[in-house]
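Colleague: What follows is a single structure, and I will ask about it in a moment.
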Amino acid sequence: MTSPFDPSTHALGPGLAAQMRAITSVPLATLFERDPDRFRTLSFEAEGIVVDLSKQHWTREALDQLVKLAESRALRERIDAMFRGDAVNHTEGRPALHVALRQQTRAPVMVGGTDVLPDIRATQERMEAVATTLRERRWPGATGLPVRTVINIGIGGSDLGPLLVCDALRALRSRDVEVRFVSNIDPAHLDAATDDLDPATTLFVATSKTFTTLETMRNVEAARDWLRRGLGAGANLAPHFIAVTAAPERAQAQGIPAEQILPFRDWVGGRYSVWSAVGLPVAISVGWEGFRQFLAGAASIDRHFREAPFSANLPVLLALSTIWNVNFRDLHQVVLAPYAQALARFPAYVQQLAMESNGKRVAGDGTALATGTTPAVWGEPGTNAQHAFFQWLHQGTEVVPVEFIVPMHPLQGSDARHSLLVANALAQGQALMCGRPESAVRAELIAGGMAADEAVRQAPHRTFPGGRPSTTLLVPRIDAFHLGQLIALFEHRTFVEAAVWGINPFDQFGVELGKRLTGPIVRGLETGEEVPGADGSTAGLIARLRAAGRA
Ligand code: F6P
């Protein structure tokens, strides 16, 4: 358990705050003019990934102090504890061992006195067998026809990870079996996923760690109804379901045969679970070798995270840029802009990873934090984002750090459009940082033939303040290995941020209250019964909905 981070009382806090004021009194672009070595000293490379932190509004000296700050927050001990399998998720009394799922060696990983690796390998063998059978169209449905479409039903961590990876590796997907995803309890989601499908050749993967999540359970029920409507009331639906869960007994109680249940353990957090059997849709879509590569990529970052000194440790350095921006610069948002259509779902994935992990207001010891924790994470792929919210980033009133994720190479071959994509990312970073002063805009307008008074009137609208920080990550390409690296990099970064703030990133009690209130409100909507504890607004909305006859 840990105490909360407070920059005003931490030994290094006031010094860092003073450094921040001094540094930010100098325009970011000027820092480059003063220090020709700035890119070299503030960009880092490991495991093929380049992280350029030189466009953050800080200096190497400030970063060195932040490294000391991380050390003072027992980061090394916390990393070792996580890898060792200690109960780092102390509110739920369990380890967080997603790293064991991708471990490439046979070194034992002990949980409660038992080596969990044999168990992990056994499940992986079953995943491989299931994925291969489906990919080879050897999985018969109730009528004997082979399955051609697999629909993963799951939500949150039981959806976002496999969805991201299947989407990102779409170019490598099987043409023999298609993988789709349904998460929302909105009936429109399942309807849209099934409306062109034949129930005889459709299989559902019910993915839920707890096997109690309302959305998933109701969608599985709806999937059963859909199959029955298509196959006949008496059809044997067993071949049409696989379950992936940490509660196999619940899946079995719902009629899913034991041999079609792929388990994982409760020490795998939902948003860290894509490396477990939750990754089955990935193995089905890109094949076992692709999934293996994905795990190997993550393992390369695990090694780096464990072994590299903090001053050259990519997850640590990325986390420290968050700490600097949130806790010293008071910037509470971050935009993720992957310049890769393959990573279209990456911002949504990191949103859950960071915001469900670190959207906390109390430290491990239960004390309230007096400082910010995770920034709001959002984003869209570039270049599309440039034509949507980049106007706001460049000329709006908020300063929001941007993280550009740029593949150095396209997945295959070469294409001039890839250079344009990369150039756009670099241009945006430069524009955010350097801006364009009003005087230069005015001079250019006049040089272009505009009358001086009109140029004066126009210039403020065309001025870019600059000074807006960004980070650029260069990854070799978006294949299975490098995608595994990228996700692991963000996982560990999230962990480091939590360690500095002193919070537990592995629970998520903040999702519980809304779930609890839903039951009585459903009853109120359906029966008109008074909803105990409903506030005036909620009661009024329930009454209005009933008046509309929707219930
Ligand atoms: O949103 C809360 C949450 O518990 C996530 O952490 C989790 O990934 C998701 O719901 C789904 O949970 P389950 O896998 O148990 O269905």
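Identifiers for the structure tokens are assigned positionally: chains receive A, B, ... in sequence, residues are indexed from 1 per chain, and ligands are indexed from 1 in the order shown.
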Neighbours of ligand 1 within 10 Å, counting only C-alpha atoms and all ligand atoms, as number ranges by chain?

Modeller: A: 153-161, 183, 206-217, 244-247, 266, 269-273, 278, 352-353, 356-357, 506-512, 515

Colleague: Please provide as a list in words all residues within 9 Å of A:Arg180, with the sequence filter that same-chain residues fewer than 5 positions apart are discarded (counting only C-alpha atoms).

Modeller: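 The residues satisfying every condition are Thr149, Val150, Ile151, Asn152, Ile153, Leu163, Cys166, Ala193 and Pro281 of chain A.
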
Colleague: Can you list, as a PyMOL selection string, every protein, DNA or RNA residue that comes within 10 Å of stretch 108-123 of chain A when you count only C-alpha atoms, leaving out same-chain residues fewer than 6 positions away?

Modeller: chain A and resi 83-87+94-95+97+99-102+129+261-265+267+276-277

Colleague: List every residue of stretch 323-359 of chain A that DSSP, applied to the backbone, labels as strand (DSSP E), and write the result as JSON, numbers by chain.

Modeller: {"A": [333, 334, 335, 336, 337, 338]}

Colleague: Since we have the selection now, will you write its residues out, keeping all heavy atoms, as a PDB file, in the first residue's frame?

Modeller:
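Once everything was written out, this is part32.pdb:
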ATOM      1  N   GLN A 333      -5.511  16.557 -20.157  1.00  0.00           N
ATOM      2  CA  GLN A 333      -5.996  15.748 -21.279  1.00  0.00           C
ATOM      3  C   GLN A 333      -4.781  15.306 -22.084  1.00  0.00           C
ATOM      4  O   GLN A 333      -3.746  15.971 -22.058  1.00  0.00           O
ATOM      5  CB  GLN A 333      -6.869  16.559 -22.229  1.00  0.00           C
ATOM      6  CG  GLN A 333      -8.098  17.163 -21.603  1.00  0.00           C
ATOM      7  CD  GLN A 333      -8.939  17.850 -22.665  1.00  0.00           C
ATOM      8  OE1 GLN A 333      -9.373  17.239 -23.625  1.00  0.00           O
ATOM      9  NE2 GLN A 333      -9.163  19.131 -22.477  1.00  0.00           N
ATOM     10  N   VAL A 334      -4.947  14.240 -22.833  1.00  0.00           N
ATOM     11  CA  VAL A 334      -3.929  13.878 -23.819  1.00  0.00           C
ATOM     12  C   VAL A 334      -4.650  13.322 -25.041  1.00  0.00           C
ATOM     13  O   VAL A 334      -5.621  12.573 -24.914  1.00  0.00           O
ATOM     14  CB  VAL A 334      -2.874  12.888 -23.253  1.00  0.00           C
ATOM     15  CG1 VAL A 334      -3.472  11.547 -22.900  1.00  0.00           C
ATOM     16  CG2 VAL A 334      -1.714  12.701 -24.208  1.00  0.00           C
ATOM     17  N   VAL A 335      -4.190  13.762 -26.194  1.00  0.00           N
ATOM     18  CA  VAL A 335      -4.771  13.264 -27.444  1.00  0.00           C
ATOM     19  C   VAL A 335      -3.819  12.246 -28.052  1.00  0.00           C
ATOM     20  O   VAL A 335      -2.619  12.495 -28.170  1.00  0.00           O
ATOM     21  CB  VAL A 335      -5.014  14.438 -28.431  1.00  0.00           C
ATOM     22  CG1 VAL A 335      -5.167  13.929 -29.859  1.00  0.00           C
ATOM     23  CG2 VAL A 335      -6.261  15.218 -28.021  1.00  0.00           C
ATOM     24  N   LEU A 336      -4.368  11.090 -28.394  1.00  0.00           N
ATOM     25  CA  LEU A 336      -3.580  10.063 -29.088  1.00  0.00           C
ATOM     26  C   LEU A 336      -3.920  10.131 -30.569  1.00  0.00           C
ATOM     27  O   LEU A 336      -5.088  10.013 -30.931  1.00  0.00           O
ATOM     28  CB  LEU A 336      -3.954   8.668 -28.593  1.00  0.00           C
ATOM     29  CG  LEU A 336      -3.416   8.205 -27.261  1.00  0.00           C
ATOM     30  CD1 LEU A 336      -3.776   6.736 -27.062  1.00  0.00           C
ATOM     31  CD2 LEU A 336      -1.911   8.366 -27.199  1.00  0.00           C
ATOM     32  N   ALA A 337      -2.913  10.318 -31.378  1.00  0.00           N
ATOM     33  CA  ALA A 337      -3.151  10.410 -32.818  1.00  0.00           C
ATOM     34  C   ALA A 337      -2.280   9.385 -33.538  1.00  0.00           C
ATOM     35  O   ALA A 337      -1.145   9.695 -33.917  1.00  0.00           O
ATOM     36  CB  ALA A 337      -2.854  11.819 -33.307  1.00  0.00           C
ATOM     37  N   PRO A 338      -2.789   8.161 -33.678  1.00  0.00           N
ATOM     38  CA  PRO A 338      -2.007   7.197 -34.455  1.00  0.00           C
ATOM     39  C   PRO A 338      -2.096   7.532 -35.935  1.00  0.00           C
ATOM     40  O   PRO A 338      -3.202   7.680 -36.462  1.00  0.00           O
ATOM     41  CB  PRO A 338      -2.689   5.845 -34.153  1.00  0.00           C
ATOM     42  CG  PRO A 338      -4.012   6.155 -33.553  1.00  0.00           C
ATOM     43  CD  PRO A 338      -4.048   7.603 -33.164  1.00  0.00           C
TER      44      PRO A 338
END

Colleague: Go through A:Leu314, A:Leu237, A:Ile323, A:Val350 one by one, measure the shortest atom-to-atom distance of each to A:Trp58 using only C-alpha atoms, and give the residue with the smallest value.

Modeller: A:Ile323

Colleague: Would you please work out which residue, of A:Ala498, A:Leu75, A:Asp52, A:Ala223, is nearest to A:Phe404 when using only C-alpha atoms?

Modeller: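 Among A:Ala498, A:Leu75, A:Asp52, A:Ala223, it is A:Asp52 that comes nearest to A:Phe404.
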